[in-house]
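Visitor: My structure is stored as my_file_32.cif, with mmCIF, N, CA and C atoms and all ligand atoms.
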data_my_file
loop_
_atom_site.label_atom_id
_atom_site.label_comp_id
_atom_site.auth_asym_id
_atom_site.auth_seq_id
_atom_site.Cartn_x
_atom_site.Cartn_y
_atom_site.Cartn_z
N MET A 359 -22.03 -36.71 -12.41
CA MET A 359 -21.43 -35.41 -12.71
C MET A 359 -22.23 -34.73 -13.80
N ARG A 360 -22.49 -33.46 -13.58
CA ARG A 360 -23.18 -32.65 -14.60
C ARG A 360 -22.14 -31.76 -15.28
N ARG A 361 -22.32 -31.56 -16.55
CA ARG A 361 -21.40 -30.73 -17.31
C ARG A 361 -22.17 -29.54 -17.88
N LEU A 362 -21.72 -28.35 -17.54
CA LEU A 362 -22.34 -27.12 -17.98
C LEU A 362 -21.27 -26.27 -18.65
N ALA A 363 -21.66 -25.14 -19.17
CA ALA A 363 -20.67 -24.24 -19.75
C ALA A 363 -21.08 -22.81 -19.47
N VAL A 364 -20.10 -21.96 -19.33
CA VAL A 364 -20.35 -20.53 -19.20
C VAL A 364 -19.41 -19.83 -20.17
N SER A 365 -19.95 -18.87 -20.88
CA SER A 365 -19.10 -18.14 -21.81
C SER A 365 -19.53 -16.69 -21.83
N LEU A 366 -18.65 -15.87 -22.29
CA LEU A 366 -18.97 -14.46 -22.38
C LEU A 366 -18.06 -13.79 -23.41
N ARG A 367 -18.57 -12.69 -23.91
CA ARG A 367 -17.74 -11.75 -24.65
C ARG A 367 -17.73 -10.52 -23.76
N HIS A 368 -16.65 -10.38 -23.00
CA HIS A 368 -16.69 -9.40 -21.93
C HIS A 368 -16.60 -7.97 -22.44
N ALA A 369 -16.98 -7.05 -21.58
CA ALA A 369 -17.13 -5.65 -21.97
C ALA A 369 -15.85 -5.06 -22.52
N HIS A 370 -14.71 -5.57 -22.07
CA HIS A 370 -13.45 -5.05 -22.59
C HIS A 370 -13.34 -5.26 -24.09
N ASN A 371 -14.02 -6.29 -24.59
CA ASN A 371 -13.90 -6.63 -26.00
C ASN A 371 -15.16 -6.30 -26.78
N VAL A 372 -15.80 -5.21 -26.46
CA VAL A 372 -17.01 -4.86 -27.20
C VAL A 372 -16.72 -4.59 -28.66
N TYR A 373 -15.47 -4.44 -29.01
CA TYR A 373 -15.12 -4.15 -30.40
C TYR A 373 -14.67 -5.40 -31.13
N GLY A 374 -15.17 -6.56 -30.73
CA GLY A 374 -14.92 -7.77 -31.50
C GLY A 374 -13.88 -8.69 -30.93
N GLY A 375 -13.60 -8.60 -29.67
CA GLY A 375 -12.64 -9.51 -29.06
C GLY A 375 -13.17 -10.92 -28.99
N PRO A 376 -12.32 -11.86 -28.60
CA PRO A 376 -12.73 -13.26 -28.60
C PRO A 376 -13.72 -13.59 -27.50
N ARG A 377 -14.59 -14.53 -27.78
CA ARG A 377 -15.46 -15.08 -26.74
C ARG A 377 -14.62 -16.02 -25.89
N ARG A 378 -14.80 -15.95 -24.61
CA ARG A 378 -14.09 -16.84 -23.69
C ARG A 378 -15.11 -17.75 -23.02
N TYR A 379 -14.72 -19.00 -22.83
CA TYR A 379 -15.65 -19.91 -22.17
C TYR A 379 -14.93 -20.85 -21.22
N PHE A 380 -15.68 -21.31 -20.26
CA PHE A 380 -15.21 -22.30 -19.28
C PHE A 380 -16.19 -23.47 -19.27
N HIS A 381 -15.67 -24.65 -19.08
CA HIS A 381 -16.52 -25.79 -18.75
C HIS A 381 -16.75 -25.75 -17.25
N MET A 382 -17.98 -25.99 -16.85
CA MET A 382 -18.29 -26.10 -15.42
C MET A 382 -18.78 -27.52 -15.17
N PHE A 383 -18.10 -28.20 -14.28
CA PHE A 383 -18.51 -29.53 -13.88
C PHE A 383 -19.06 -29.46 -12.46
N VAL A 384 -20.17 -30.12 -12.23
CA VAL A 384 -20.70 -30.27 -10.88
C VAL A 384 -20.57 -31.75 -10.53
N HIS A 385 -19.56 -32.05 -9.71
CA HIS A 385 -19.26 -33.43 -9.37
C HIS A 385 -20.19 -33.92 -8.27
N ASN A 386 -20.31 -35.24 -8.19
CA ASN A 386 -21.21 -35.85 -7.22
C ASN A 386 -20.64 -35.88 -5.81
N GLY A 387 -19.34 -35.73 -5.67
CA GLY A 387 -18.73 -35.76 -4.35
C GLY A 387 -17.34 -35.15 -4.38
N LEU A 388 -16.83 -34.87 -3.18
CA LEU A 388 -15.51 -34.25 -3.08
C LEU A 388 -14.41 -35.14 -3.64
N ASP A 389 -14.46 -36.41 -3.34
CA ASP A 389 -13.41 -37.32 -3.85
C ASP A 389 -13.39 -37.34 -5.37
N GLU A 390 -14.58 -37.38 -5.97
CA GLU A 390 -14.67 -37.39 -7.44
C GLU A 390 -14.07 -36.10 -8.02
N MET A 391 -14.43 -34.95 -7.41
CA MET A 391 -13.93 -33.66 -7.91
C MET A 391 -12.41 -33.58 -7.77
N ARG A 392 -11.91 -33.96 -6.61
CA ARG A 392 -10.48 -33.85 -6.36
C ARG A 392 -9.68 -34.79 -7.27
N ALA A 393 -10.20 -35.97 -7.53
CA ALA A 393 -9.52 -36.91 -8.43
C ALA A 393 -9.52 -36.36 -9.86
N ALA A 394 -10.63 -35.79 -10.28
CA ALA A 394 -10.71 -35.24 -11.64
C ALA A 394 -9.78 -34.04 -11.78
N ALA A 395 -9.72 -33.20 -10.75
CA ALA A 395 -8.83 -32.04 -10.80
C ALA A 395 -7.37 -32.48 -10.88
N LEU A 396 -7.00 -33.46 -10.10
CA LEU A 396 -5.63 -33.96 -10.12
C LEU A 396 -5.29 -34.56 -11.48
N ALA A 397 -6.24 -35.28 -12.05
CA ALA A 397 -6.00 -35.90 -13.36
C ALA A 397 -5.86 -34.85 -14.46
N TYR A 398 -6.51 -33.71 -14.29
CA TYR A 398 -6.49 -32.67 -15.34
C TYR A 398 -5.13 -32.01 -15.46
N ASN A 399 -4.55 -31.61 -14.33
CA ASN A 399 -3.29 -30.86 -14.45
C ASN A 399 -2.20 -31.30 -13.47
N GLY A 400 -2.47 -32.31 -12.67
CA GLY A 400 -1.46 -32.82 -11.76
C GLY A 400 -1.31 -32.07 -10.46
N ASP A 401 -2.09 -30.98 -10.29
CA ASP A 401 -2.02 -30.21 -9.05
C ASP A 401 -2.99 -30.80 -8.03
N PRO A 402 -2.48 -31.25 -6.88
CA PRO A 402 -3.40 -31.79 -5.87
C PRO A 402 -4.24 -30.69 -5.23
N VAL A 403 -5.49 -30.98 -4.95
CA VAL A 403 -6.40 -30.00 -4.32
C VAL A 403 -7.10 -30.69 -3.16
N GLU A 404 -6.30 -31.20 -2.20
CA GLU A 404 -6.85 -32.05 -1.14
C GLU A 404 -7.93 -31.38 -0.30
N ASP A 405 -7.80 -30.07 -0.05
CA ASP A 405 -8.72 -29.40 0.85
C ASP A 405 -9.81 -28.61 0.13
N ALA A 406 -9.76 -28.54 -1.18
CA ALA A 406 -10.66 -27.66 -1.91
C ALA A 406 -12.08 -28.22 -1.95
N LEU A 407 -13.04 -27.28 -1.88
CA LEU A 407 -14.45 -27.63 -2.06
C LEU A 407 -14.88 -27.36 -3.50
N ALA A 408 -14.03 -26.65 -4.24
CA ALA A 408 -14.25 -26.35 -5.65
C ALA A 408 -12.89 -25.92 -6.19
N VAL A 409 -12.78 -25.82 -7.49
CA VAL A 409 -11.50 -25.41 -8.06
C VAL A 409 -11.71 -24.83 -9.45
N CYS A 410 -10.90 -23.83 -9.77
CA CYS A 410 -10.85 -23.29 -11.13
C CYS A 410 -9.49 -23.67 -11.69
N GLN A 411 -9.50 -24.33 -12.83
CA GLN A 411 -8.25 -24.80 -13.43
C GLN A 411 -8.09 -24.14 -14.79
N PRO A 412 -7.17 -23.16 -14.89
CA PRO A 412 -6.96 -22.51 -16.18
C PRO A 412 -6.53 -23.51 -17.24
N ALA A 413 -6.89 -23.19 -18.48
CA ALA A 413 -6.46 -24.04 -19.59
C ALA A 413 -4.94 -24.06 -19.62
N PRO A 414 -4.36 -25.19 -19.94
CA PRO A 414 -2.90 -25.24 -20.00
C PRO A 414 -2.37 -24.28 -21.06
N VAL A 415 -1.30 -23.60 -20.70
CA VAL A 415 -0.66 -22.71 -21.66
C VAL A 415 0.15 -23.55 -22.64
N ARG A 416 -0.07 -23.30 -23.89
CA ARG A 416 0.68 -24.02 -24.92
C ARG A 416 1.88 -23.19 -25.33
N GLU A 417 2.93 -23.85 -25.70
CA GLU A 417 4.12 -23.15 -26.17
C GLU A 417 4.50 -23.68 -27.54
N ARG A 418 5.12 -22.84 -28.30
CA ARG A 418 5.63 -23.23 -29.61
C ARG A 418 6.99 -22.60 -29.80
N LEU A 419 7.77 -23.18 -30.68
CA LEU A 419 9.08 -22.65 -31.00
C LEU A 419 8.89 -21.33 -31.77
N ALA A 420 9.55 -20.29 -31.29
CA ALA A 420 9.41 -18.98 -31.92
C ALA A 420 10.09 -18.96 -33.28
N ASP A 421 9.85 -17.89 -34.02
CA ASP A 421 10.41 -17.77 -35.37
C ASP A 421 11.93 -17.81 -35.36
N ASP A 422 12.56 -17.41 -34.25
CA ASP A 422 14.02 -17.44 -34.21
C ASP A 422 14.57 -18.86 -34.08
N GLY A 423 13.68 -19.82 -33.87
CA GLY A 423 14.10 -21.21 -33.79
C GLY A 423 14.81 -21.59 -32.52
N GLU A 424 14.91 -20.68 -31.58
CA GLU A 424 15.66 -20.96 -30.36
C GLU A 424 14.83 -20.78 -29.09
N THR A 425 13.90 -19.88 -29.12
CA THR A 425 13.11 -19.60 -27.92
C THR A 425 11.70 -20.15 -28.08
N TRP A 426 11.08 -20.32 -26.92
CA TRP A 426 9.70 -20.79 -26.90
C TRP A 426 8.80 -19.63 -26.54
N GLU A 427 7.67 -19.57 -27.19
CA GLU A 427 6.71 -18.52 -26.88
C GLU A 427 5.36 -19.15 -26.58
N GLN A 428 4.59 -18.44 -25.77
CA GLN A 428 3.27 -18.94 -25.42
C GLN A 428 2.30 -18.67 -26.55
N THR A 429 1.43 -19.62 -26.78
CA THR A 429 0.37 -19.42 -27.76
C THR A 429 -0.93 -19.17 -27.02
N GLU A 430 -1.80 -18.48 -27.65
CA GLU A 430 -3.09 -18.21 -27.05
C GLU A 430 -3.89 -19.51 -26.98
N PRO A 431 -4.45 -19.84 -25.82
CA PRO A 431 -5.22 -21.09 -25.73
C PRO A 431 -6.62 -20.95 -26.32
N ALA A 432 -6.69 -20.46 -27.55
CA ALA A 432 -7.95 -20.31 -28.27
C ALA A 432 -8.98 -19.57 -27.40
N HIS A 433 -10.18 -20.04 -27.37
CA HIS A 433 -11.24 -19.36 -26.61
C HIS A 433 -11.47 -20.01 -25.26
N PHE A 434 -10.80 -21.09 -25.01
CA PHE A 434 -11.05 -21.89 -23.82
C PHE A 434 -10.27 -21.36 -22.63
N GLY A 435 -11.00 -20.94 -21.57
CA GLY A 435 -10.35 -20.42 -20.37
C GLY A 435 -9.94 -21.49 -19.39
N GLY A 436 -10.71 -22.56 -19.33
CA GLY A 436 -10.38 -23.62 -18.40
C GLY A 436 -11.61 -24.31 -17.85
N ILE A 437 -11.42 -24.97 -16.72
CA ILE A 437 -12.48 -25.77 -16.10
C ILE A 437 -12.75 -25.25 -14.70
N ILE A 438 -14.02 -25.11 -14.37
CA ILE A 438 -14.43 -24.76 -13.02
C ILE A 438 -15.17 -25.97 -12.47
N ARG A 439 -14.69 -26.48 -11.35
CA ARG A 439 -15.28 -27.69 -10.78
C ARG A 439 -15.97 -27.35 -9.46
N PHE A 440 -17.25 -27.69 -9.39
CA PHE A 440 -18.03 -27.57 -8.16
C PHE A 440 -18.41 -28.97 -7.70
N VAL A 441 -18.92 -29.04 -6.47
CA VAL A 441 -19.39 -30.31 -5.92
C VAL A 441 -20.82 -30.11 -5.43
N ASP A 442 -21.69 -31.01 -5.86
CA ASP A 442 -23.08 -30.97 -5.45
C ASP A 442 -23.15 -30.93 -3.91
N GLY A 443 -23.90 -29.99 -3.38
CA GLY A 443 -23.98 -29.82 -1.93
C GLY A 443 -23.02 -28.78 -1.40
N HIS A 444 -22.10 -28.32 -2.23
CA HIS A 444 -21.14 -27.29 -1.83
C HIS A 444 -21.17 -26.10 -2.80
N VAL A 445 -22.29 -25.91 -3.46
CA VAL A 445 -22.41 -24.78 -4.39
C VAL A 445 -23.07 -23.63 -3.64
N THR A 446 -22.24 -22.75 -3.10
CA THR A 446 -22.73 -21.59 -2.36
C THR A 446 -22.34 -20.32 -3.11
N THR A 447 -22.97 -19.24 -2.73
CA THR A 447 -22.63 -17.95 -3.35
C THR A 447 -21.15 -17.65 -3.16
N GLU A 448 -20.64 -17.88 -1.95
CA GLU A 448 -19.23 -17.59 -1.67
C GLU A 448 -18.30 -18.42 -2.55
N ILE A 449 -18.61 -19.71 -2.69
CA ILE A 449 -17.74 -20.58 -3.48
C ILE A 449 -17.82 -20.23 -4.96
N VAL A 450 -19.01 -19.96 -5.45
CA VAL A 450 -19.15 -19.59 -6.87
C VAL A 450 -18.40 -18.29 -7.14
N ALA A 451 -18.57 -17.30 -6.25
CA ALA A 451 -17.87 -16.02 -6.44
C ALA A 451 -16.36 -16.22 -6.38
N HIS A 452 -15.91 -17.06 -5.47
CA HIS A 452 -14.48 -17.34 -5.34
C HIS A 452 -13.93 -17.91 -6.65
N GLU A 453 -14.58 -18.96 -7.16
CA GLU A 453 -14.06 -19.61 -8.37
C GLU A 453 -14.18 -18.70 -9.59
N LEU A 454 -15.24 -17.90 -9.64
CA LEU A 454 -15.38 -16.99 -10.78
C LEU A 454 -14.38 -15.84 -10.71
N THR A 455 -13.90 -15.51 -9.53
CA THR A 455 -12.79 -14.55 -9.43
C THR A 455 -11.56 -15.12 -10.13
N HIS A 456 -11.28 -16.40 -9.86
CA HIS A 456 -10.16 -17.04 -10.57
C HIS A 456 -10.41 -17.01 -12.08
N ALA A 457 -11.64 -17.33 -12.49
CA ALA A 457 -11.96 -17.36 -13.92
C ALA A 457 -11.80 -15.97 -14.53
N ALA A 458 -12.23 -14.94 -13.81
CA ALA A 458 -12.09 -13.57 -14.32
C ALA A 458 -10.61 -13.23 -14.51
N LEU A 459 -9.78 -13.69 -13.59
CA LEU A 459 -8.35 -13.41 -13.72
C LEU A 459 -7.72 -14.18 -14.87
N VAL A 460 -8.23 -15.37 -15.14
CA VAL A 460 -7.76 -16.11 -16.33
C VAL A 460 -8.04 -15.29 -17.58
N ILE A 461 -9.26 -14.78 -17.69
CA ILE A 461 -9.64 -13.99 -18.86
C ILE A 461 -8.83 -12.70 -18.91
N TYR A 462 -8.64 -12.08 -17.76
CA TYR A 462 -7.85 -10.85 -17.71
C TYR A 462 -6.43 -11.11 -18.25
N ARG A 463 -5.85 -12.21 -17.81
CA ARG A 463 -4.49 -12.55 -18.27
C ARG A 463 -4.47 -12.84 -19.76
N MET A 464 -5.53 -13.47 -20.26
CA MET A 464 -5.59 -13.83 -21.67
C MET A 464 -5.76 -12.60 -22.56
N ASP A 465 -6.59 -11.66 -22.13
CA ASP A 465 -7.03 -10.61 -23.04
C ASP A 465 -6.49 -9.23 -22.73
N ILE A 466 -6.06 -9.00 -21.51
CA ILE A 466 -5.70 -7.64 -21.14
C ILE A 466 -4.24 -7.54 -20.76
N ASN A 467 -3.83 -8.29 -19.75
CA ASN A 467 -2.43 -8.21 -19.33
C ASN A 467 -2.08 -9.48 -18.56
N PRO A 468 -1.06 -10.20 -18.99
CA PRO A 468 -0.70 -11.43 -18.26
C PRO A 468 -0.14 -11.16 -16.87
N ASP A 469 0.26 -9.93 -16.62
CA ASP A 469 0.84 -9.58 -15.33
C ASP A 469 -0.19 -8.83 -14.50
N VAL A 470 -0.84 -9.51 -13.57
CA VAL A 470 -1.83 -8.85 -12.72
C VAL A 470 -1.27 -8.62 -11.32
N ARG A 471 0.03 -8.77 -11.17
CA ARG A 471 0.70 -8.56 -9.88
C ARG A 471 0.16 -9.48 -8.79
N LEU A 472 -0.38 -10.60 -9.21
CA LEU A 472 -0.84 -11.61 -8.26
C LEU A 472 -0.10 -12.92 -8.52
N GLY A 473 0.97 -12.84 -9.28
CA GLY A 473 1.65 -14.05 -9.69
C GLY A 473 1.10 -14.52 -11.02
N ASN A 474 1.47 -15.72 -11.41
CA ASN A 474 1.11 -16.18 -12.75
C ASN A 474 0.10 -17.31 -12.75
N GLY A 475 -0.62 -17.50 -11.71
CA GLY A 475 -1.62 -18.57 -11.69
C GLY A 475 -2.43 -18.52 -10.42
N CYS A 476 -3.15 -19.57 -10.16
CA CYS A 476 -4.01 -19.62 -8.96
C CYS A 476 -3.16 -19.94 -7.74
N ARG A 477 -2.30 -19.04 -7.38
CA ARG A 477 -1.43 -19.24 -6.23
C ARG A 477 -1.90 -18.40 -5.06
N LEU A 478 -1.07 -18.26 -4.03
CA LEU A 478 -1.52 -17.72 -2.75
C LEU A 478 -2.08 -16.32 -2.84
N ARG A 479 -1.40 -15.40 -3.55
CA ARG A 479 -1.91 -14.03 -3.60
C ARG A 479 -3.27 -13.99 -4.28
N GLU A 480 -3.42 -14.76 -5.34
CA GLU A 480 -4.71 -14.81 -6.02
C GLU A 480 -5.77 -15.46 -5.12
N GLU A 481 -5.36 -16.45 -4.33
CA GLU A 481 -6.30 -17.08 -3.40
C GLU A 481 -6.86 -16.05 -2.41
N HIS A 482 -6.01 -15.19 -1.89
CA HIS A 482 -6.49 -14.17 -0.95
C HIS A 482 -7.56 -13.30 -1.61
N LEU A 483 -7.29 -12.85 -2.84
CA LEU A 483 -8.27 -12.03 -3.54
C LEU A 483 -9.57 -12.80 -3.75
N ALA A 484 -9.48 -14.06 -4.14
CA ALA A 484 -10.68 -14.87 -4.40
C ALA A 484 -11.49 -15.07 -3.12
N TYR A 485 -10.81 -15.30 -2.00
CA TYR A 485 -11.54 -15.47 -0.73
C TYR A 485 -12.21 -14.16 -0.33
N ILE A 486 -11.51 -13.05 -0.46
CA ILE A 486 -12.12 -11.76 -0.11
C ILE A 486 -13.33 -11.49 -0.99
N THR A 487 -13.19 -11.71 -2.28
CA THR A 487 -14.31 -11.49 -3.20
C THR A 487 -15.48 -12.40 -2.87
N GLY A 488 -15.19 -13.68 -2.64
CA GLY A 488 -16.25 -14.62 -2.31
C GLY A 488 -16.98 -14.24 -1.04
N ASP A 489 -16.21 -13.84 -0.02
CA ASP A 489 -16.83 -13.45 1.25
C ASP A 489 -17.66 -12.17 1.10
N LEU A 490 -17.14 -11.21 0.34
CA LEU A 490 -17.88 -9.96 0.14
C LEU A 490 -19.18 -10.20 -0.61
N ILE A 491 -19.11 -10.96 -1.70
CA ILE A 491 -20.32 -11.22 -2.48
C ILE A 491 -21.30 -12.06 -1.67
N GLY A 492 -20.78 -13.02 -0.91
CA GLY A 492 -21.66 -13.81 -0.06
C GLY A 492 -22.39 -12.95 0.96
N ALA A 493 -21.65 -12.07 1.64
CA ALA A 493 -22.25 -11.20 2.65
C ALA A 493 -23.22 -10.21 2.01
N ALA A 494 -22.82 -9.62 0.90
CA ALA A 494 -23.68 -8.63 0.24
C ALA A 494 -24.95 -9.30 -0.29
N SER A 495 -24.83 -10.49 -0.84
CA SER A 495 -26.02 -11.16 -1.37
C SER A 495 -26.99 -11.53 -0.25
N THR A 496 -26.46 -11.89 0.93
CA THR A 496 -27.34 -12.19 2.06
C THR A 496 -28.12 -10.95 2.48
N VAL A 497 -27.41 -9.82 2.61
CA VAL A 497 -28.07 -8.57 3.01
C VAL A 497 -29.10 -8.16 1.96
N LEU A 498 -28.72 -8.25 0.68
CA LEU A 498 -29.65 -7.85 -0.38
C LEU A 498 -30.84 -8.81 -0.47
N HIS A 499 -30.58 -10.10 -0.26
CA HIS A 499 -31.66 -11.08 -0.27
C HIS A 499 -32.64 -10.81 0.88
N ASP A 500 -32.09 -10.57 2.06
CA ASP A 500 -32.94 -10.31 3.23
C ASP A 500 -33.77 -9.04 3.03
N ALA A 501 -33.25 -8.11 2.24
CA ALA A 501 -33.98 -6.88 1.96
C ALA A 501 -34.95 -7.04 0.78
N GLY A 502 -35.01 -8.25 0.23
CA GLY A 502 -35.92 -8.53 -0.88
C GLY A 502 -35.44 -7.98 -2.21
N LEU A 503 -34.14 -7.72 -2.31
CA LEU A 503 -33.62 -7.09 -3.54
C LEU A 503 -32.78 -8.04 -4.39
N TRP A 504 -32.39 -9.19 -3.87
CA TRP A 504 -31.52 -10.13 -4.61
C TRP A 504 -32.39 -11.05 -5.44
N SER A 505 -32.22 -11.02 -6.70
CA SER A 505 -33.04 -11.88 -7.57
C SER A 505 -32.23 -13.00 -8.17
ZN ZN A 601 -9.21 -20.40 -4.96
#
Please render this file's structure as structure tokens.
Guide:
Amino acid sequence: MRRLAVSLRHAHNVYGGPRRYFHMFVHNGLDEMRAAALAYNGDPVEDALAVCQPAPVRERLADDGETWEQTEPAHFGGIIRFVDGHVTTEIVAHELTHAALVIYRMDINPDVRLGNGCRLREEHLAYITGDLIGAASTVLHDAGLWS
């Protein structure tokens, strides 16, 4: 397994917002990736070729002593897991769509009208984005414009 990192200070925060980063793991096989993903947050990913796992939301007792409130998970957005031999433009774009939505929820608005995590509505968006970027990159590559 290779461990990489990606981080950014996105354009929305040009005035000093927090840097956000993800760990990227490139696993040696599907079984290794799926076992690591399950161990991280308990969500099974039996059919996935890659996965984006947002950092766990932490909660603390609010000042009123009765309610719980979410705390900001520092600068860490989560983990993106790829598998060697399955790193394609479509898959990378798909997982980075999830990562972008993690950052959007952290820094801009927790309500993106796609639910509150990597669930079905967000999956549809990620697949559409991955397919579009994959198709566009092929056309641009064939035209000698994709670098
Ligand atoms: Zn997905």
Visitor: Take CA of Ser495 (chain A) and CA of Met391 (chain A) and report the distance between them in Å, one decimal.
Guide: 26.4 Å
Visitor: With all atoms listed in the file as the counted atoms, please give the residues lying no more than 7 Å from Ile437 (chain A), apart from itself and same-chain residues fewer than 6 positions off, as a ChimeraX atom specification.
Guide: /A:380-383,409-413
Visitor: Report as CSV the residues of chain A within 6.5 Å of ligand ZN 601 (chain A), each with its shortest atom pair and distance in Å (one decimal), using only N, CA and C atoms and all ligand atoms, ordered by chain and increasing residue number.
Guide:
residue,atom,partner,partner_atom,distance
A:Val409,CA,A:ZN601,ZN,6.3
A:Cys410,N,A:ZN601,ZN,6.1
A:His452,C,A:ZN601,ZN,5.6
A:Glu453,N,A:ZN601,ZN,6.0
A:Glu480,C,A:ZN601,ZN,6.0
A:Glu481,CA,A:ZN601,ZN,4.7
A:Ala484,CA,A:ZN601,ZN,5.7
A:Tyr485,N,A:ZN601,ZN,6.1
Visitor: Would you mind reading off the distance between CA of Arg361 (chain A) and CA of Val445 (chain A), one decimal, in Å?
Guide: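 Calculated distance between CA of Arg361 (chain A) and CA of Val445 (chain A) is 14.3 Å.
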Visitor: Nearest to Arg367 (chain A) among A:Ala432, A:Val384, A:Ile461, A:Ala493, with distances taken over only C-alpha atoms: which residue is it?
Guide: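 Closest candidate: A:Ile461.
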Visitor: Using only C-alpha atoms, which residues sit within 7 Å of Arg378 (chain A) once same-chain residues fewer than 6 positions away are excluded, as a PyMOL selection string?
Guide: chain A and resi 365-367+433-435
Visitor: Only N, CA and C atoms, please: the residues just picked out, written as an mmCIF file, in the coordinates of the input.
Guide:
data_model
loop_
_atom_site.group_PDB
_atom_site.id
_atom_site.type_symbol
_atom_site.label_atom_id
_atom_site.label_comp_id
_atom_site.auth_asym_id
_atom_site.auth_seq_id
_atom_site.Cartn_x
_atom_site.Cartn_y
_atom_site.Cartn_z
ATOM 1 N N SER A 365 -19.950 -18.870 -20.880
ATOM 2 C CA SER A 365 -19.100 -18.140 -21.810
ATOM 3 C C SER A 365 -19.530 -16.690 -21.830
ATOM 4 N N LEU A 366 -18.650 -15.870 -22.290
ATOM 5 C CA LEU A 366 -18.970 -14.460 -22.380
ATOM 6 C C LEU A 366 -18.060 -13.790 -23.410
ATOM 7 N N ARG A 367 -18.570 -12.690 -23.910
ATOM 8 C CA ARG A 367 -17.740 -11.750 -24.650
ATOM 9 C C ARG A 367 -17.730 -10.520 -23.760
ATOM 10 N N HIS A 433 -10.180 -20.040 -27.370
ATOM 11 C CA HIS A 433 -11.240 -19.360 -26.610
ATOM 12 C C HIS A 433 -11.470 -20.010 -25.260
ATOM 13 N N PHE A 434 -10.800 -21.090 -25.010
ATOM 14 C CA PHE A 434 -11.050 -21.890 -23.820
ATOM 15 C C PHE A 434 -10.270 -21.360 -22.630
ATOM 16 N N GLY A 435 -11.000 -20.940 -21.570
ATOM 17 C CA GLY A 435 -10.350 -20.420 -20.370
ATOM 18 C C GLY A 435 -9.940 -21.490 -19.390
#
Visitor: As number ranges by chain, which residues of chain A does DSSP assign to alpha helix (DSSP H)?
Guide: A: 388-399, 447-465, 478-500
Visitor: Quick check, in Å to one decimal: how far apart do CA of Leu407 (chain A) and CA of Arg360 (chain A) lie?
Guide: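 About the pair CA of Leu407 (chain A) and CA of Arg360 (chain A): they are 16.1 Å apart.
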Visitor: Select from region 359-422 of chain A everything DSSP, run on the backbone, classes as strand (DSSP E or B), then give the selection as a PyMOL selection string.
Guide: chain A and resi 360-366+378-385+409-412+416-419
Visitor: Tell me which of A:Val441, A:Arg477, A:Ala363, A:Thr487 sits closest to Thr455 (chain A), counting all atoms listed in the file.
Guide: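 Looking only at the distances to Thr455 (chain A), the closest residue turns out to be A:Thr487.
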Visitor: Contacts of Val403 (chain A) at 7 Å or less, counting all atoms listed in the file, minus same-chain residues fewer than 6 places along, as an mmCIF file with N, CA and C atoms, keeping the file's coordinate frame?
Guide:
data_model
loop_
_atom_site.group_PDB
_atom_site.id
_atom_site.type_symbol
_atom_site.label_atom_id
_atom_site.label_comp_id
_atom_site.auth_asym_id
_atom_site.auth_seq_id
_atom_site.Cartn_x
_atom_site.Cartn_y
_atom_site.Cartn_z
ATOM 1 N N ARG A 392 -11.910 -33.960 -6.610
ATOM 2 C CA ARG A 392 -10.480 -33.850 -6.360
ATOM 3 C C ARG A 392 -9.680 -34.790 -7.270
ATOM 4 N N ALA A 395 -9.720 -33.200 -10.750
ATOM 5 C CA ALA A 395 -8.830 -32.040 -10.800
ATOM 6 C C ALA A 395 -7.370 -32.480 -10.880
ATOM 7 N N LEU A 396 -7.000 -33.460 -10.100
ATOM 8 C CA LEU A 396 -5.630 -33.960 -10.120
ATOM 9 C C LEU A 396 -5.290 -34.560 -11.480
#
